[in-house]
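File shown: final_28.pdb. Contents: PDB, C-alpha atoms and all ligand atoms.
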MODEL        1
ATOM      1  CA  MET N   3     198.828 -48.077 -89.182
ATOM      2  CA  LEU N   4     199.946 -44.962 -87.394
ATOM      3  CA  GLU N   5     203.675 -44.697 -86.838
ATOM      4  CA  VAL N   6     205.367 -42.263 -84.483
ATOM      5  CA  ARG N   7     209.122 -41.895 -84.969
ATOM      6  CA  GLY N   8     211.612 -40.022 -82.755
ATOM      7  CA  LEU N   9     208.907 -37.674 -81.490
ATOM      8  CA  SER N  10     209.978 -35.022 -79.004
ATOM      9  CA  LYS N  11     208.566 -31.786 -77.699
ATOM     10  CA  HIS N  12     210.552 -29.110 -75.846
ATOM     11  CA  TYR N  13     209.059 -26.012 -74.238
ATOM     12  CA  LYS N  14     210.902 -22.876 -73.175
ATOM     13  CA  VAL N  15     209.843 -21.834 -69.681
ATOM     14  CA  SER N  16     211.675 -18.708 -68.384
ATOM     15  CA  ASP N  17     214.820 -19.532 -70.396
ATOM     16  CA  ARG N  18     214.693 -23.152 -69.195
ATOM     17  CA  ASP N  19     214.314 -25.977 -71.695
ATOM     18  CA  VAL N  20     211.501 -28.284 -70.515
ATOM     19  CA  VAL N  21     211.550 -31.661 -72.252
ATOM     20  CA  ALA N  22     207.898 -32.722 -72.255
ATOM     21  CA  LEU N  23     208.475 -35.606 -74.677
ATOM     22  CA  ALA N  24     211.771 -37.255 -75.609
ATOM     23  CA  ASP N  25     212.380 -39.475 -78.605
ATOM     24  CA  VAL N  26     209.144 -41.451 -78.566
ATOM     25  CA  ASP N  27     208.563 -44.298 -81.032
ATOM     26  CA  LEU N  28     205.102 -45.852 -81.202
ATOM     27  CA  MET N  29     203.178 -48.048 -83.633
ATOM     28  CA  LEU N  30     199.395 -48.121 -83.516
ATOM     29  CA  ALA N  31     197.653 -50.839 -85.506
ATOM     30  CA  PRO N  32     194.277 -49.912 -87.014
ATOM     31  CA  GLY N  33     191.490 -50.622 -84.528
ATOM     32  CA  SER N  34     193.874 -51.091 -81.595
ATOM     33  CA  PHE N  35     193.199 -49.751 -78.086
ATOM     34  CA  THR N  36     196.322 -48.281 -76.471
ATOM     35  CA  VAL N  37     196.286 -46.868 -72.953
ATOM     36  CA  VAL N  38     199.133 -44.579 -71.868
ATOM     37  CA  VAL N  39     199.899 -44.546 -68.136
ATOM     38  CA  GLY N  40     202.480 -42.682 -66.088
ATOM     39  CA  ARG N  41     202.970 -40.188 -63.320
ATOM     40  CA  SER N  42     201.720 -36.647 -63.524
ATOM     41  CA  GLY N  43     204.010 -34.570 -65.736
ATOM     42  CA  CYS N  44     205.537 -37.553 -67.598
ATOM     43  CA  GLY N  45     204.317 -36.280 -70.985
ATOM     44  CA  LYS N  46     201.074 -38.212 -71.571
ATOM     45  CA  SER N  47     198.959 -35.195 -72.558
ATOM     46  CA  THR N  48     201.773 -33.819 -74.676
ATOM     47  CA  LEU N  49     201.881 -37.067 -76.653
ATOM     48  CA  LEU N  50     198.104 -36.892 -77.141
ATOM     49  CA  ARG N  51     198.229 -33.219 -78.231
ATOM     50  CA  LEU N  52     200.897 -34.064 -80.786
ATOM     51  CA  LEU N  53     198.851 -37.003 -82.105
ATOM     52  CA  ALA N  54     195.829 -34.674 -82.352
ATOM     53  CA  GLY N  55     197.880 -32.139 -84.318
ATOM     54  CA  LEU N  56     197.135 -29.467 -81.694
ATOM     55  CA  VAL N  57     200.859 -28.750 -81.198
ATOM     56  CA  ALA N  58     203.827 -29.248 -83.517
ATOM     57  CA  PRO N  59     206.705 -31.581 -82.556
ATOM     58  CA  THR N  60     210.216 -30.262 -81.902
ATOM     59  CA  THR N  61     211.662 -33.341 -83.661
ATOM     60  CA  GLY N  62     210.296 -36.492 -85.215
ATOM     61  CA  ASP N  63     207.157 -37.197 -87.143
ATOM     62  CA  ILE N  64     203.798 -38.931 -87.159
ATOM     63  CA  ARG N  65     203.052 -41.003 -90.238
ATOM     64  CA  HIS N  66     199.675 -42.302 -91.213
ATOM     65  CA  ALA N  67     199.062 -45.309 -93.426
ATOM     66  CA  ASP N  68     198.645 -44.380 -97.093
ATOM     67  CA  GLY N  69     199.740 -40.843 -96.241
ATOM     68  CA  HIS N  70     196.403 -39.188 -95.564
ATOM     69  CA  ARG N  71     195.485 -37.762 -92.186
ATOM     70  CA  PRO N  72     192.788 -39.721 -90.336
ATOM     71  CA  THR N  73     189.622 -38.143 -88.938
ATOM     72  CA  ILE N  74     190.456 -37.476 -85.293
ATOM     73  CA  GLY N  75     188.034 -37.193 -82.371
ATOM     74  CA  CYS N  76     189.229 -35.835 -79.016
ATOM     75  CA  VAL N  77     187.701 -36.262 -75.569
ATOM     76  CA  PHE N  78     189.070 -34.326 -72.606
ATOM     77  CA  GLN N  79     188.633 -34.610 -68.841
ATOM     78  CA  GLU N  80     186.381 -31.535 -68.775
ATOM     79  CA  PRO N  81     183.647 -31.874 -71.417
ATOM     80  CA  ARG N  82     183.377 -28.037 -71.630
ATOM     81  CA  LEU N  83     179.870 -28.079 -73.072
ATOM     82  CA  MET N  84     178.292 -24.923 -74.430
ATOM     83  CA  PRO N  85     175.585 -24.001 -71.913
ATOM     84  CA  TRP N  86     173.313 -22.369 -74.503
ATOM     85  CA  LEU N  87     173.151 -25.509 -76.658
ATOM     86  CA  SER N  88     171.113 -28.645 -75.961
ATOM     87  CA  VAL N  89     172.696 -32.088 -75.650
ATOM     88  CA  ALA N  90     172.014 -32.675 -79.367
ATOM     89  CA  GLY N  91     173.366 -29.211 -80.253
ATOM     90  CA  ASN N  92     176.567 -29.844 -78.301
ATOM     91  CA  ALA N  93     177.015 -33.326 -79.745
ATOM     92  CA  GLY N  94     176.625 -32.113 -83.326
ATOM     93  CA  PHE N  95     178.552 -28.866 -82.965
ATOM     94  CA  GLY N  96     181.717 -30.099 -84.700
ATOM     95  CA  LEU N  97     179.744 -30.950 -87.853
ATOM     96  CA  VAL N  98     177.930 -27.645 -88.320
ATOM     97  CA  GLY N  99     178.830 -26.118 -91.679
ATOM     98  CA  LYS N 100     180.724 -29.264 -92.703
ATOM     99  CA  VAL N 101     177.967 -31.740 -93.511
ATOM    100  CA  ALA N 102     174.260 -31.413 -94.424
ATOM    101  CA  LYS N 103     171.731 -30.835 -91.637
ATOM    102  CA  ALA N 104     170.006 -34.186 -92.203
ATOM    103  CA  GLU N 105     173.367 -35.951 -91.941
ATOM    104  CA  ILE N 106     174.137 -34.100 -88.685
ATOM    105  CA  ALA N 107     170.758 -35.167 -87.267
ATOM    106  CA  SER N 108     171.304 -38.817 -88.123
ATOM    107  CA  ARG N 109     174.899 -38.908 -86.821
ATOM    108  CA  VAL N 110     173.865 -37.150 -83.584
ATOM    109  CA  ALA N 111     170.976 -39.600 -83.100
ATOM    110  CA  ALA N 112     173.349 -42.553 -83.603
ATOM    111  CA  ALA N 113     176.000 -41.140 -81.240
ATOM    112  CA  LEU N 114     173.465 -40.278 -78.516
ATOM    113  CA  ALA N 115     172.060 -43.809 -78.776
ATOM    114  CA  LEU N 116     175.582 -45.221 -78.359
ATOM    115  CA  VAL N 117     176.201 -43.203 -75.187
ATOM    116  CA  GLY N 118     172.667 -43.801 -73.836
ATOM    117  CA  LEU N 119     171.427 -40.202 -74.026
ATOM    118  CA  THR N 120     168.633 -40.418 -76.596
ATOM    119  CA  ASP N 121     166.016 -39.377 -74.011
ATOM    120  CA  PHE N 122     168.110 -36.344 -73.025
ATOM    121  CA  ARG N 123     168.722 -34.952 -76.500
ATOM    122  CA  ASP N 124     166.792 -31.753 -75.689
ATOM    123  CA  ALA N 125     168.230 -31.242 -72.181
ATOM    124  CA  TYR N 126     170.735 -28.470 -71.438
ATOM    125  CA  PRO N 127     174.173 -28.921 -69.816
ATOM    126  CA  ASP N 128     173.045 -27.533 -66.431
ATOM    127  CA  GLN N 129     170.439 -30.312 -66.290
ATOM    128  CA  LEU N 130     173.045 -33.087 -66.617
ATOM    129  CA  SER N 131     175.044 -35.080 -64.075
ATOM    130  CA  GLY N 132     178.850 -35.249 -64.444
ATOM    131  CA  GLY N 133     178.587 -38.693 -66.025
ATOM    132  CA  MET N 134     175.991 -37.511 -68.535
ATOM    133  CA  ALA N 135     178.128 -34.483 -69.446
ATOM    134  CA  SER N 136     181.061 -36.861 -70.045
ATOM    135  CA  ARG N 137     178.832 -38.939 -72.318
ATOM    136  CA  VAL N 138     177.998 -35.810 -74.339
ATOM    137  CA  GLY N 139     181.748 -35.144 -74.645
ATOM    138  CA  LEU N 140     182.176 -38.667 -75.993
ATOM    139  CA  ALA N 141     179.201 -38.278 -78.382
ATOM    140  CA  ARG N 142     180.698 -35.005 -79.686
ATOM    141  CA  ALA N 143     183.800 -36.962 -80.725
ATOM    142  CA  LEU N 144     181.845 -39.961 -82.076
ATOM    143  CA  VAL N 145     179.718 -37.880 -84.489
ATOM    144  CA  LEU N 146     182.937 -37.158 -86.378
ATOM    145  CA  GLU N 147     183.123 -40.923 -87.070
ATOM    146  CA  PRO N 148     186.803 -40.808 -86.117
ATOM    147  CA  ASP N 149     189.421 -43.251 -87.362
ATOM    148  CA  LEU N 150     191.529 -42.138 -84.389
ATOM    149  CA  LEU N 151     189.880 -41.450 -81.020
ATOM    150  CA  LEU N 152     192.089 -39.653 -78.472
ATOM    151  CA  LEU N 153     190.916 -39.510 -74.845
ATOM    152  CA  ASP N 154     192.773 -37.589 -72.118
ATOM    153  CA  GLU N 155     191.630 -38.817 -68.686
ATOM    154  CA  PRO N 156     187.988 -38.531 -69.764
ATOM    155  CA  PHE N 157     186.582 -40.178 -66.633
ATOM    156  CA  ALA N 158     189.023 -38.857 -64.015
ATOM    157  CA  ALA N 159     186.553 -36.463 -62.393
ATOM    158  CA  LEU N 160     183.777 -39.058 -62.016
ATOM    159  CA  ASP N 161     182.853 -41.252 -59.065
ATOM    160  CA  ALA N 162     184.011 -44.882 -59.196
ATOM    161  CA  PHE N 163     180.552 -46.279 -60.042
ATOM    162  CA  THR N 164     179.867 -43.882 -62.942
ATOM    163  CA  ARG N 165     183.394 -44.364 -64.144
ATOM    164  CA  ARG N 166     183.013 -48.134 -64.277
ATOM    165  CA  GLY N 167     179.800 -47.741 -66.315
ATOM    166  CA  LEU N 168     181.485 -45.434 -68.798
ATOM    167  CA  GLN N 169     184.476 -47.758 -69.132
ATOM    168  CA  ALA N 170     182.068 -50.553 -70.122
ATOM    169  CA  GLU N 171     180.251 -48.256 -72.565
ATOM    170  CA  LEU N 172     183.497 -47.121 -74.154
ATOM    171  CA  THR N 173     184.538 -50.753 -74.592
ATOM    172  CA  ASP N 174     181.199 -51.535 -76.301
ATOM    173  CA  ILE N 175     181.523 -48.503 -78.596
ATOM    174  CA  TRP N 176     185.075 -49.434 -79.493
ATOM    175  CA  LEU N 177     184.017 -53.031 -80.262
ATOM    176  CA  ALA N 178     181.123 -51.752 -82.409
ATOM    177  CA  ARG N 179     183.027 -49.105 -84.374
ATOM    178  CA  ARG N 180     186.679 -50.114 -84.025
ATOM    179  CA  PRO N 181     188.405 -46.738 -84.172
ATOM    180  CA  THR N 182     192.086 -46.723 -83.224
ATOM    181  CA  VAL N 183     192.031 -45.494 -79.615
ATOM    182  CA  VAL N 184     194.711 -43.785 -77.522
ATOM    183  CA  PHE N 185     193.511 -43.268 -73.946
ATOM    184  CA  VAL N 186     195.525 -41.483 -71.240
ATOM    185  CA  THR N 187     195.011 -42.254 -67.548
ATOM    186  CA  HIS N 188     196.746 -42.250 -64.160
ATOM    187  CA  ASP N 189     194.741 -45.298 -63.186
ATOM    188  CA  VAL N 190     196.461 -48.612 -63.874
ATOM    189  CA  GLU N 191     193.296 -50.622 -63.158
ATOM    190  CA  GLU N 192     191.435 -48.573 -65.763
ATOM    191  CA  ALA N 193     194.296 -49.177 -68.191
ATOM    192  CA  VAL N 194     194.128 -52.955 -67.789
ATOM    193  CA  LEU N 195     190.327 -52.985 -68.009
ATOM    194  CA  LEU N 196     190.334 -51.105 -71.321
ATOM    195  CA  ALA N 197     193.531 -51.666 -73.275
ATOM    196  CA  ASP N 198     194.858 -54.236 -75.625
ATOM    197  CA  GLN N 199     198.236 -52.538 -75.176
ATOM    198  CA  VAL N 200     199.442 -50.512 -72.148
ATOM    199  CA  VAL N 201     202.299 -48.073 -72.744
ATOM    200  CA  HIS N 202     204.215 -46.782 -69.699
ATOM    201  CA  MET N 203     205.766 -43.340 -69.765
ATOM    202  CA  ASP N 204     208.284 -41.700 -67.457
ATOM    203  CA  GLY N 205     210.237 -38.485 -67.868
ATOM    204  CA  GLY N 206     208.864 -37.885 -71.378
ATOM    205  CA  ARG N 207     209.906 -41.343 -72.581
ATOM    206  CA  ILE N 208     208.170 -44.626 -73.204
ATOM    207  CA  ILE N 209     209.751 -46.963 -70.652
ATOM    208  CA  GLY N 210     207.660 -50.076 -71.239
ATOM    209  CA  ARG N 211     204.809 -51.713 -73.092
ATOM    210  CA  ARG N 212     202.638 -54.607 -72.137
ATOM    211  CA  PRO N 213     200.035 -56.374 -74.239
ATOM    212  CA  VAL N 214     196.764 -57.139 -72.408
ATOM    213  CA  PRO N 215     195.651 -60.482 -73.856
ATOM    214  CA  LEU N 216     192.486 -60.737 -71.736
ATOM    215  CA  ALA N 217     189.001 -61.509 -73.056
ATOM    216  CA  ARG N 218     186.236 -58.905 -72.783
ATOM    217  CA  PRO N 219     184.124 -58.065 -70.855
ATOM    218  CA  ARG N 220     186.778 -57.775 -68.135
ATOM    219  CA  ASP N 221     186.402 -57.992 -64.395
ATOM    220  CA  ALA N 222     188.705 -55.912 -62.156
ATOM    221  CA  THR N 223     188.839 -58.765 -59.621
ATOM    222  CA  ASP N 224     189.880 -61.395 -62.184
ATOM    223  CA  GLN N 225     193.213 -62.882 -61.076
ATOM    224  CA  ALA N 226     194.933 -62.471 -64.456
ATOM    225  CA  LEU N 227     193.921 -58.806 -64.536
ATOM    226  CA  VAL N 228     195.102 -58.217 -60.948
ATOM    227  CA  THR N 229     198.457 -59.870 -61.737
ATOM    228  CA  LEU N 230     198.955 -57.740 -64.836
ATOM    229  CA  ARG N 231     198.017 -54.599 -62.930
ATOM    230  CA  ARG N 232     200.571 -55.456 -60.242
ATOM    231  CA  ALA N 233     203.265 -56.022 -62.893
ATOM    232  CA  ILE N 234     202.563 -52.634 -64.475
ATOM    233  CA  LEU N 235     202.659 -50.893 -61.087
ATOM    234  CA  ASP N 236     206.032 -52.572 -60.451
ATOM    235  CA  ASP N 237     207.297 -51.414 -63.867
ATOM    236  CA  LEU N 238     206.226 -47.877 -63.076
ATOM    237  CA  ALA N 239     207.603 -47.829 -59.542
ATOM    238  CA  GLY N 240     211.082 -48.802 -60.809
ATOM    239  CA  ASP N 241     213.861 -47.628 -58.544
ATOM    240  CA  PRO N 242     212.141 -45.245 -56.082
ATOM    241  CA  SER N 243     215.305 -43.174 -55.485
ATOM    242  CA  GLN N 244     215.664 -42.593 -59.236
ATOM    243  CA  ALA N 245     212.003 -41.777 -59.617
ATOM    244  CA  ALA N 246     212.299 -39.176 -56.860
ATOM    245  CA  THR N 247     215.199 -37.524 -58.720
ATOM    246  CA  ARG N 248     213.350 -37.463 -62.005
ATOM    247  CA  HIS N 249     210.055 -36.302 -60.523
ATOM    248  CA  PRO N 250     210.613 -34.099 -57.513
ATOM    249  CA  SER N 251     206.885 -33.619 -57.133
ATOM    250  CA  SER N 252     204.318 -35.041 -54.773
ATOM    251  CA  ASP N 253     202.519 -36.512 -57.790
ATOM    252  CA  GLN N 254     204.633 -39.634 -57.644
ATOM    253  CA  ARG N 255     202.372 -40.678 -54.771
ATOM    254  CA  VAL N 256     199.731 -41.450 -57.363
ATOM    255  CA  PHE N 257     201.243 -44.877 -57.916
ATOM    256  CA  GLN N 258     202.626 -45.475 -54.446
ATOM    257  CA  GLN N 259     199.139 -45.064 -53.002
ATOM    258  CA  GLU N 260     197.566 -47.696 -55.198
ATOM    259  CA  THR N 261     197.060 -50.933 -53.338
ATOM    260  CA  VAL N 262     196.785 -54.212 -55.136
ATOM    261  CA  PRO N 263     194.568 -56.835 -53.538
TER     262      PRO N 263
HETATM  263  N1  LIG N 301     202.468 -25.496 -72.917
HETATM  264  C1  LIG N 301     203.462 -25.859 -72.102
HETATM  265  N2  LIG N 301     204.439 -24.979 -71.787
HETATM  266  C2  LIG N 301     205.449 -25.336 -70.976
HETATM  267  N3  LIG N 301     205.590 -26.566 -70.423
HETATM  268  C3  LIG N 301     204.654 -27.472 -70.692
HETATM  269  C4  LIG N 301     203.537 -27.183 -71.539
HETATM  270  N4  LIG N 301     202.763 -28.290 -71.644
HETATM  271  C5  LIG N 301     203.366 -29.235 -70.875
HETATM  272  N5  LIG N 301     204.498 -28.732 -70.318
HETATM  273  C6  LIG N 301     205.423 -29.477 -69.439
HETATM  274  O1  LIG N 301     205.702 -30.707 -70.066
HETATM  275  C7  LIG N 301     205.738 -31.763 -69.110
HETATM  276  C8  LIG N 301     204.745 -32.837 -69.502
HETATM  277  O2  LIG N 301     203.418 -32.309 -69.357
HETATM  278  P1  LIG N 301     202.120 -33.168 -69.713
HETATM  279  O3  LIG N 301     200.944 -32.280 -69.499
HETATM  280  O4  LIG N 301     202.299 -33.782 -71.042
HETATM  281  O5  LIG N 301     202.177 -34.304 -68.601
HETATM  282  P2  LIG N 301     201.077 -35.372 -68.180
HETATM  283  O6  LIG N 301     201.778 -36.671 -68.033
HETATM  284  O7  LIG N 301     199.926 -35.323 -69.100
HETATM  285  O8  LIG N 301     200.630 -34.820 -66.752
HETATM  286  P3  LIG N 301     199.193 -34.955 -66.009
HETATM  287  O9  LIG N 301     198.988 -36.404 -65.786
HETATM  288  O10 LIG N 301     199.400 -34.185 -64.731
HETATM  289  O11 LIG N 301     198.166 -34.327 -66.912
HETATM  290  C9  LIG N 301     205.491 -31.117 -67.742
HETATM  291  O12 LIG N 301     206.738 -30.861 -67.138
HETATM  292  C10 LIG N 301     204.777 -29.835 -68.096
HETATM  293  O13 LIG N 301     205.048 -28.837 -67.135
ENDMDL
END

Step by step, read the file and then write its structure as structure tokens.
Ligand SMILES: Nc1ncnc2c1ncn2[C@@H]1O[C@H](COP(=O)(O)OP(=O)(O)OP(=O)(O)O)[C@@H](O)[C@H]1O
Amino acid sequence: MLEVRGLSKHYKVSDRDVVALADVDLMLAPGSFTVVVGRSGCGKSTLLRLLAGLVAPTTGDIRHADGHRPTIGCVFQEPRLMPWLSVAGNAGFGLVGKVAKAEIASRVAAALALVGLTDFRDAYPDQLSGGMASRVGLARALVLEPDLLLLDEPFAALDAFTRRGLQAELTDIWLARRPTVVFVTHDVEEAVLLADQVVHMDGGRIIGRRPVPLARPRDATDQALVTLRRAILDDLAGDPSQAATRHPSSDQRVFQQETVP
């Protein structure tokens, strides 16, 4: 169990106090799949960076079961691969100097098999499509054999078809390995396809949670999924006049533009 209590993060920007995260409480059961949705600037990435230990909280704390820090794997929107390393070299990079070479080779082989890139292990980043590069980014996190897998809009830059394929692959990997997953997205359909719990954020706060009690594999056109997606969009839309006050940016269109069949 991972328990987040009273977590907040403030930044100083030209003498102004920016509240990126405000008093967030969150419980993550081992092996759960939580997707965090919300408008641009609502604090999703900040929450992920705090969970990853990349930034320190202003208040609050993150407690892990039995007190020891889990192994954490992170996947970002841009895979940022090293162009001088092969697919296998990029995937295994985080293990170099930490585990024996033979162990790196076997973990890389297993991770590349999971993401379907075994035949491309010797290719270089400039020989890969966007979807393949994203798969390498995922493999680079999987070789760590993470207890906690944190993904920040990993498929946002991909076309809808590739994205759907990667969503299915991620689901299969999660079912096979059962890390605790926290996945950030703007896309409510993606959230409902992947999650067993969707957390809604607004203005740095968690404003709602919804369990997703749907069997896998999931179909985006399934009526129960469409209904849940609509309910989450309604939760997030809230009172439009209030939302405009809290988020005076054009990014609030992200949710208004989504159409539900
Ligand atoms: N390093 C930083 N310095 C100053 N302000 C920051 C910093 N990081 C984030 N912020 C501010 O904190 C708020 C939340 O940002 P965050 O990146 O967490 O939002 P987000 O929901 O992930 O947005 P997006 O969906 O656009 O990535 C924003 O107002 C942002 O400007």

Centre and edges of the ligand LIG 301 (chain N) box, axis-aligned, 4 Å extra per side, as lines of an AutoDock Vina configuration file:
center_x = 202.5
center_y = -30.8
center_z = -68.8
size_x = 16.6
size_y = 19.7
size_z = 16.2

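Across N:Leu196, N:Leu9, N:Ala143, N:Met203, the tightest approach to ligand LIG 301 (chain N) is made by N:Met203 when counting only C-alpha atoms and all ligand atoms.
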
- request: Run through the PyMOL selection byres (((chain N and resi 29-46) around 8) and not hetatm) on the given coordinates and return the selected residues as a VMD selection string.
  value: chain N and resid 3 to 6 22 to 23 27 to 28 47 to 50 180 to 190 193 196 to 207 238 253 to 254 256 to 257

- prompt: Written as a list in words, which residues does the PyMOL selection byres (((chain N and resi 159-163) around 12) and not hetatm) give for the file shown?
  reply: Phe78, Gln79, Glu80, Pro81, Ser131, Gly132, Gly133, Met134, Ala135, Ser136, Arg137, Asp154, Glu155, Pro156, Phe157, Ala158, Thr164, Arg165, Arg166, Gly167, Leu168, Gln169, Ala170, Thr187, His188, Asp189, Glu191 and Glu192 of chain N

The PyMOL selection byres (((chain N and resi 127) around 10) and not hetatm) on the file shown: which residues, as a compact mmCIF listing (two decimals) with C-alpha atoms, in the coordinates of the input?
# COMPACT_ATOMS: atom_id res chain seq x y z
CA ARG N 82 183.38 -28.04 -71.63
CA LEU N 83 179.87 -28.08 -73.07
CA MET N 84 178.29 -24.92 -74.43
CA PRO N 85 175.58 -24.00 -71.91
CA TRP N 86 173.31 -22.37 -74.50
CA LEU N 87 173.15 -25.51 -76.66
CA SER N 88 171.11 -28.64 -75.96
CA VAL N 89 172.70 -32.09 -75.65
CA ASN N 92 176.57 -29.84 -78.30
CA ASP N 124 166.79 -31.75 -75.69
CA ALA N 125 168.23 -31.24 -72.18
CA TYR N 126 170.74 -28.47 -71.44
CA ASP N 128 173.04 -27.53 -66.43
CA GLN N 129 170.44 -30.31 -66.29
CA LEU N 130 173.04 -33.09 -66.62
CA SER N 131 175.04 -35.08 -64.08
CA GLY N 132 178.85 -35.25 -64.44
CA MET N 134 175.99 -37.51 -68.54
CA ALA N 135 178.13 -34.48 -69.45
CA VAL N 138 178.00 -35.81 -74.34

- request: Choose the residue, out of N:Leu151, N:Val98, N:Val26, N:Val145, that has the smallest atom-to-atom separation from Val110 of chain N; count all atoms listed in the file.
  value: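 Using all atoms listed in the file, Val110 of chain N sits closest to N:Val145.
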
Hey, could you make a per-residue contact list for segment 28-142 of chain N against segment 11-18 of chain N with 8 Å as the cut-off, showing the nearest pair of atoms and its distance in Å to one decimal, counting only C-alpha atoms, sorted by chain and number, as a Markdown table?
| residue | atom | partner | partner_atom | distance |
| --- | --- | --- | --- | --- |
| N:Thr48 | CA | N:Lys11 | CA | 7.7 |
| N:Ala58 | CA | N:Lys11 | CA | 7.9 |
| N:Pro59 | CA | N:Lys11 | CA | 5.2 |
| N:Thr60 | CA | N:Lys11 | CA | 4.8 |
| N:Thr61 | CA | N:Lys11 | CA | 6.9 |

query: Given the choices N:Arg218, N:Leu146, N:Arg7, N:Ile234, which gets closest to Lys100 of chain N if the distance is worked out from all atoms listed in the file?
result: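 The answer is N:Leu146, which sits nearest to Lys100 of chain N.
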
statement: One residue among N:Asp121, N:Ala226, N:Gly240, N:Ile208 is nearest to ligand LIG 301 (chain N) when using all atoms listed in the file, and that residue is N:Ile208

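Here the question is which of N:Val194, N:Leu116, N:Val57, N:Ala141 gets nearest to ligand LIG 301 (chain N) using all atoms listed in the file, and that residue is N:Val57.
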
task: Would you mind reading off the distance between atom CA of Ile106 of chain N and atom CA of Glu147 of chain N, one decimal, in Å?
output: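 We find that atom CA of Ile106 of chain N and atom CA of Glu147 of chain N lie 11.4 Å from each other.
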
field: Two-atom distance - atom N1 of ligand LIG 301 (chain N), atom CA of Val20 of chain N (Å)
entry: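 A separation of 9.8 Å between them.
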
field: Who sits within 8 Å of Arg142 of chain N, all atoms listed in the file, same chain under 5 positions skipped, as a PyMOL selection string
entry: chain N and resi 92-96+113

- prompt: Between N:Leu153, N:Ala222, N:Leu235, N:Leu144, which one has atoms that come closest to ligand LIG 301 (chain N), using all atoms listed in the file?
  reply: N:Leu153

task: Tell me, in Å to one decimal, how far atom CA of Ala233 of chain N is from atom CA of Ala217 of chain N.
output: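 Taking atom CA of Ala233 of chain N as the start and atom CA of Ala217 of chain N as the end point, the length is 18.4 Å.
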